[in-house]
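Next up, start_14.cif (mmCIF, C-alpha atoms and all ligand atoms):
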data_run
#
loop_
_atom_site.label_atom_id
_atom_site.label_comp_id
_atom_site.auth_asym_id
_atom_site.auth_seq_id
_atom_site.Cartn_x
_atom_site.Cartn_y
_atom_site.Cartn_z
CA MET A 1 23.39 -33.33 -59.24
CA LYS A 2 21.30 -36.15 -57.82
CA ILE A 3 18.07 -37.80 -58.84
CA LEU A 4 15.62 -38.78 -56.13
CA CYS A 5 12.64 -40.96 -56.99
CA ILE A 6 9.44 -41.79 -55.14
CA GLY A 7 8.01 -45.30 -55.35
CA ARG A 8 4.39 -46.43 -54.82
CA ASN A 9 3.00 -42.89 -54.86
CA TYR A 10 -0.21 -43.81 -56.69
CA GLU A 11 -2.55 -46.26 -55.03
CA GLU A 12 -3.60 -48.09 -58.22
CA HIS A 13 0.04 -48.64 -59.19
CA ALA A 14 0.98 -49.93 -55.73
CA LYS A 15 -1.91 -52.39 -56.05
CA GLU A 16 -0.95 -53.58 -59.52
CA LEU A 17 2.49 -54.58 -58.20
CA LYS A 18 0.85 -56.07 -55.09
CA ASN A 19 2.68 -53.66 -52.79
CA PRO A 20 1.19 -52.31 -49.56
CA LEU A 21 0.43 -48.59 -49.44
CA PRO A 22 3.42 -46.78 -47.95
CA ALA A 23 3.20 -45.28 -44.44
CA GLU A 24 5.73 -42.67 -45.61
CA PRO A 25 7.27 -41.89 -49.02
CA VAL A 26 9.37 -44.69 -50.53
CA VAL A 27 12.60 -43.04 -51.69
CA PHE A 28 15.42 -44.26 -53.90
CA SER A 29 17.99 -42.51 -56.05
CA LYS A 30 19.70 -42.68 -59.41
CA PRO A 31 23.10 -41.28 -60.41
CA ASP A 32 23.39 -38.58 -63.09
CA SER A 33 24.67 -41.25 -65.50
CA ALA A 34 21.11 -42.62 -65.60
CA LEU A 35 19.81 -39.57 -67.48
CA LEU A 36 18.50 -40.03 -71.02
CA ARG A 37 17.58 -36.75 -72.70
CA ASN A 38 16.84 -35.10 -76.06
CA ASN A 39 14.57 -37.95 -77.21
CA ASN A 40 17.57 -40.22 -77.60
CA PRO A 41 16.66 -43.90 -77.96
CA PHE A 42 16.54 -46.22 -74.95
CA PHE A 43 18.81 -49.17 -75.66
CA LEU A 44 17.55 -52.30 -73.91
CA PRO A 45 20.32 -53.49 -71.57
CA GLY A 46 21.35 -57.13 -71.64
CA PHE A 47 21.30 -57.83 -67.91
CA ALA A 48 17.55 -58.37 -67.51
CA LYS A 49 14.58 -59.53 -69.57
CA GLU A 50 11.77 -57.20 -68.61
CA PHE A 51 12.14 -53.41 -68.67
CA HIS A 52 9.02 -51.56 -67.55
CA HIS A 53 8.06 -47.99 -68.38
CA GLU A 54 6.95 -45.78 -65.47
CA VAL A 55 5.89 -42.32 -66.66
CA GLU A 56 6.35 -39.68 -63.95
CA VAL A 57 6.11 -35.94 -63.40
CA VAL A 58 9.56 -34.55 -62.55
CA VAL A 59 10.44 -31.39 -60.62
CA ARG A 60 13.78 -29.60 -60.63
CA ILE A 61 15.05 -28.04 -57.42
CA ASN A 62 16.07 -24.40 -57.86
CA LYS A 63 17.25 -23.50 -54.36
CA LEU A 64 19.51 -25.02 -51.73
CA GLY A 65 17.45 -26.51 -48.94
CA LYS A 66 17.48 -28.82 -45.92
CA ASN A 67 14.61 -29.70 -43.55
CA ILE A 68 12.18 -27.78 -45.75
CA GLU A 69 8.74 -27.28 -44.27
CA GLU A 70 5.87 -28.41 -46.46
CA ARG A 71 4.30 -24.94 -46.49
CA PHE A 72 7.53 -23.48 -47.96
CA ALA A 73 8.33 -26.34 -50.36
CA ASN A 74 6.73 -24.61 -53.36
CA ARG A 75 9.54 -22.03 -53.22
CA TYR A 76 12.10 -24.70 -54.04
CA TYR A 77 11.02 -25.53 -57.59
CA GLU A 78 9.91 -23.44 -60.54
CA GLU A 79 9.94 -25.96 -63.39
CA ILE A 80 8.46 -29.35 -64.16
CA ALA A 81 9.16 -31.98 -66.79
CA LEU A 82 7.98 -35.46 -67.71
CA GLY A 83 10.18 -38.52 -67.42
CA VAL A 84 10.28 -42.30 -67.45
CA ASP A 85 11.65 -44.27 -64.51
CA PHE A 86 12.72 -47.38 -66.43
CA THR A 87 12.78 -50.42 -64.19
CA ALA A 88 14.22 -53.89 -64.77
CA ARG A 89 11.19 -55.56 -63.20
CA ASP A 90 12.42 -59.15 -63.22
CA LEU A 91 15.67 -58.05 -61.61
CA GLN A 92 13.76 -55.91 -59.09
CA ASP A 93 11.65 -58.91 -58.08
CA GLU A 94 14.82 -60.93 -57.57
CA LEU A 95 16.55 -58.18 -55.55
CA ARG A 96 13.47 -57.58 -53.43
CA SER A 97 13.08 -61.26 -52.66
CA LYS A 98 16.65 -61.28 -51.37
CA GLY A 99 16.25 -58.02 -49.44
CA LEU A 100 18.91 -56.35 -51.58
CA PRO A 101 19.12 -52.68 -52.72
CA TRP A 102 17.40 -51.55 -55.92
CA GLU A 103 20.20 -49.73 -57.72
CA LYS A 104 20.90 -52.43 -60.30
CA CYS A 105 17.26 -52.55 -61.39
CA LYS A 106 16.47 -48.83 -61.12
CA ALA A 107 19.60 -46.71 -61.53
CA PHE A 108 21.31 -48.12 -64.62
CA ASP A 109 22.35 -46.04 -67.64
CA GLY A 110 19.36 -44.66 -69.51
CA SER A 111 16.89 -45.45 -66.72
CA ALA A 112 15.97 -41.79 -66.15
CA VAL A 113 14.34 -40.44 -69.29
CA LEU A 114 13.85 -36.68 -69.00
CA SER A 115 12.07 -34.14 -71.18
CA ASP A 116 12.76 -30.43 -71.39
CA PHE A 117 11.41 -28.35 -68.53
CA VAL A 118 8.55 -25.87 -68.58
CA PRO A 119 7.71 -23.26 -65.94
CA LYS A 120 5.26 -24.58 -63.36
CA SER A 121 3.36 -21.34 -63.91
CA ASP A 122 2.26 -22.79 -67.27
CA TYR A 123 -0.28 -24.78 -65.27
CA PRO A 124 -2.93 -23.36 -62.94
CA ASP A 125 -2.84 -26.29 -60.50
CA LEU A 126 0.01 -28.78 -60.14
CA LYS A 127 -2.34 -30.94 -58.05
CA ASN A 128 -4.58 -31.48 -61.06
CA LEU A 129 -2.35 -32.38 -64.00
CA ASN A 130 -3.32 -35.05 -66.48
CA PHE A 131 -0.34 -36.92 -67.87
CA SER A 132 0.03 -40.03 -69.99
CA LEU A 133 2.33 -42.42 -71.78
CA ILE A 134 1.50 -43.54 -75.29
CA VAL A 135 3.24 -46.64 -76.68
CA ASN A 136 2.96 -47.23 -80.42
CA GLY A 137 -0.06 -44.94 -80.55
CA GLU A 138 -1.94 -46.60 -77.66
CA VAL A 139 -2.45 -45.11 -74.20
CA ARG A 140 -0.62 -47.35 -71.73
CA GLN A 141 -0.54 -45.11 -68.68
CA SER A 142 -2.83 -42.26 -67.83
CA GLY A 143 -2.74 -40.45 -64.51
CA ASN A 144 -3.55 -37.27 -62.67
CA THR A 145 -1.36 -35.70 -60.01
CA ARG A 146 -4.42 -35.37 -57.74
CA ASP A 147 -4.06 -39.13 -57.14
CA MET A 148 -0.58 -38.82 -55.63
CA ILE A 149 -0.49 -40.28 -52.13
CA TYR A 150 2.19 -37.71 -51.24
CA SER A 151 2.06 -34.31 -52.95
CA ILE A 152 5.10 -32.67 -54.50
CA ASP A 153 5.41 -30.37 -51.48
CA GLN A 154 5.10 -33.25 -49.02
CA ILE A 155 7.76 -35.16 -50.96
CA ILE A 156 10.18 -32.22 -50.90
CA SER A 157 9.64 -31.76 -47.19
CA HIS A 158 10.21 -35.47 -46.54
CA VAL A 159 13.29 -36.06 -48.67
CA SER A 160 14.98 -32.87 -47.44
CA LYS A 161 15.08 -34.35 -43.94
CA TYR A 162 17.56 -36.88 -45.28
CA PHE A 163 19.24 -35.19 -48.25
CA THR A 164 20.28 -31.58 -48.70
CA LEU A 165 18.57 -30.47 -51.89
CA LYS A 166 20.76 -28.58 -54.31
CA ILE A 167 20.06 -26.52 -57.40
CA GLY A 168 19.50 -28.85 -60.34
CA ASP A 169 18.52 -31.91 -58.32
CA LEU A 170 15.60 -33.82 -59.81
CA ILE A 171 12.69 -35.54 -58.12
CA TYR A 172 10.67 -38.20 -59.95
CA THR A 173 7.30 -38.16 -58.22
CA GLY A 174 5.96 -41.65 -58.89
CA THR A 175 3.99 -43.45 -61.56
CA PRO A 176 0.27 -44.20 -62.02
CA ALA A 177 -1.06 -47.65 -62.91
CA GLY A 178 -0.47 -49.30 -66.28
CA VAL A 179 3.26 -50.05 -66.15
CA GLY A 180 4.45 -52.70 -68.56
CA ALA A 181 7.38 -54.02 -70.52
CA VAL A 182 8.84 -52.30 -73.57
CA LYS A 183 10.37 -54.05 -76.56
CA ILE A 184 12.64 -53.16 -79.44
CA ASN A 185 11.14 -50.63 -81.87
CA ASP A 186 8.47 -49.41 -79.45
CA LYS A 187 7.77 -45.70 -79.79
CA LEU A 188 7.12 -43.92 -76.49
CA GLN A 189 5.47 -40.52 -76.25
CA GLY A 190 4.73 -38.65 -73.04
CA PHE A 191 2.13 -35.95 -72.53
CA ILE A 192 1.17 -33.49 -69.82
CA GLU A 193 -2.33 -32.37 -70.74
CA ASP A 194 -2.18 -32.02 -74.54
CA LYS A 195 1.50 -31.10 -74.83
CA CYS A 196 4.01 -33.72 -75.98
CA PHE A 197 7.04 -33.70 -73.68
CA PHE A 198 9.04 -36.60 -75.11
CA ASP A 199 8.99 -38.89 -78.12
CA PHE A 200 11.64 -41.59 -78.40
CA MET A 201 12.27 -45.15 -79.55
CA VAL A 202 13.34 -48.33 -77.77
CA LYS A 203 16.30 -49.93 -79.51
MG MG A 301 8.85 -45.05 -60.48
#
Take the structure in this file and express it as structure tokens.
Amino acid sequence: MKILCIGRNYEEHAKELKNPLPAEPVVFSKPDSALLRNNNPFFLPGFAKEFHHEVEVVVRINKLGKNIEERFANRYYEEIALGVDFTARDLQDELRSKGLPWEKCKAFDGSAVLSDFVPKSDYPDLKNLNFSLIVNGEVRQSGNTRDMIYSIDQIISHVSKYFTLKIGDLIYTGTPAGVGAVKINDKLQGFIEDKCFFDFMVK
């Protein structure tokens, strides 16, 4: 199983990190050892100082596919979840300034928080989903999938040109504005519409 992630997929988030808007999807990956499930706590690693939350809608691939056309992409996923793409931002800035790969700042253990999945049919329109991240009772990130630069179907079509998609693969679809650092004893809760998808502590 692999985890593919899309960067800079919401304009306001790209701006807040002073990144240009992408001419095509920005793609990176995480290994399965990055997964953090079942509301287990996120233990702050010691190798960086600043770990940012990035709340993201996640889709799970349910069919083998390669070179998937956008118009057929909706046949390749039936379930969605909510996750956090934890990012060691200070380390990312350092790696980027040196032109080095992102794995150390993006793909470490616990960096892929994942909720349980729900059928996509629970929602009438995946292109109009409100989702949010609440930290210690305050809304830190609030987004809507209509603001994605690249839609879920466009993402699937794009990444499948490079990577054969297999059953169980996950795609993190990008984060809206409002990212920020977490600290010990923060409580993070994620919502799609009014349903709580995850609720965990930073330790
Ligand atoms: Mg992200």
Requested in this report: Could you tell me, counting only C-alpha atoms and all ligand atoms, which protein and nucleic acid residues lie no more than 10 Å from ligand MG 301 (chain A), written as a list in words?
Outcome: Cys5, Ile6, Gly7, Arg8, Asn9, Tyr10, His13, Val26, Val27, Phe28, His52, His53, Glu54, Val55, Glu56, Val57, Gly83, Val84, Asp85, Phe86, Thr87, Lys106, Ala112, Tyr172, Thr173, Gly174, Thr175, Pro176 and Val179 of chain A
Report task. Kindly give the distance, in Å, that separates atom CA of Ile152 of chain A and atom CA of Leu17 of chain A, rounded to a single decimal. Result -> 22.4 Å
Query raised in the report: Which residues come within 8 Å of segment 120-129 of chain A, counting all atoms listed in the file, excluding same-chain residues fewer than 4 positions away, as a PyMOL selection string?
Result: chain A and resi 78-80+144-146+151+192-193
Report task. Compare A:Ile61, A:Ala34, A:Ile3, A:Val135 by their minimum atom-to-atom distance to Lys166 of chain A, counting only C-alpha atoms, and give me the closest one. Result ->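 Selected residue with least distance to Lys166 of chain A: A:Ile61.
Of the residues listed (A:Asp186, A:Phe117, A:Ser97, A:Cys196), A:Cys196 shows the shortest atom-to-atom separation from Ser132 of chain A; distances use all atoms listed in the file.
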Query - Neighbour list for Glu103 of chain A as an MDAnalysis selection string, cut-off 10 Å, only C-alpha atoms, skip fewer than 4 positions in-chain - result: chainID A and resid 28:31 87 92 95 107:108
Query raised in the report: Using all atoms listed in the file, which residues sit within 12 Å of Leu165 of chain A once same-chain residues fewer than 6 positions away are excluded, as a list in words?
Result: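 With the cut-off at 12 Å, the set is Met1, Lys2, Ile3, Leu4, Val59, Arg60, Ile61, Asn62, Lys63, Leu64, Gly65, Lys66, Asn67, Ile68, Ala73, Tyr76, Tyr77, Ile155, Ile156, Ser157, His158, Val159 and Ile171 of chain A.
For the pair atom CA of Leu35 of chain A and atom CA of Asp116 of chain A, the separation is 12.2 Å.
Closest approach to Gly137 of chain A from the set A:Leu82, A:Gln189, A:Pro22, A:Pro45 is made by A:Gln189, with distances taken over only C-alpha atoms.
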Report task. Show which residues sit within 6 Å of Phe197 of chain A, as a VMD selection string. Count all atoms listed in the file, and ignore same-chain residues fewer than 2 positions away. Result -> chain A and resid 115 190 to 191
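Taking all atoms listed in the file into account, Val58 of chain A lies nearest to A:Ala81 out of the set A:Ala14, A:Leu188, A:Ala81, A:Ala177.
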**Report entry** Shortest interatomic distance to Cys105 of chain A - which of A:Lys49, A:Arg75, A:Arg37, A:Lys18, counting only C-alpha atoms
**Finding:**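 Among A:Lys49, A:Arg75, A:Arg37, A:Lys18, it is A:Lys49 that comes nearest to Cys105 of chain A.
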Using only the atoms of segment 95-111 of chain A listed in the file, plus 4 Å on each side, state the axis-aligned box centre and edge lengths in Å rounded to one decimal, as AutoDock Vina command-line options.
--center_x 17.7 --center_y -53.0 --center_z -59.5 --size_x 17.3 --size_y 24.6 --size_z 28.1
Report task. Counting all atoms listed in the file, select every polymer residue within 12 Å of (7.1, -46.8, -78.7) as defined in the file's coordinates, and provide the selection as a PyMOL selection string. Result -> chain A and resi 39+41-42+53+133-140+181-190+198-203
**Report entry** Atom pair atom CA of Pro101 of chain A / atom CA of Asn38 of chain A: separation (Å)
**Finding:** 29.3 Å
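Counting all atoms listed in the file and comparing A:Ile149, A:Leu36, A:Ala48, A:Val113, the residue that lies closest to Glu24 of chain A is A:Ile149.
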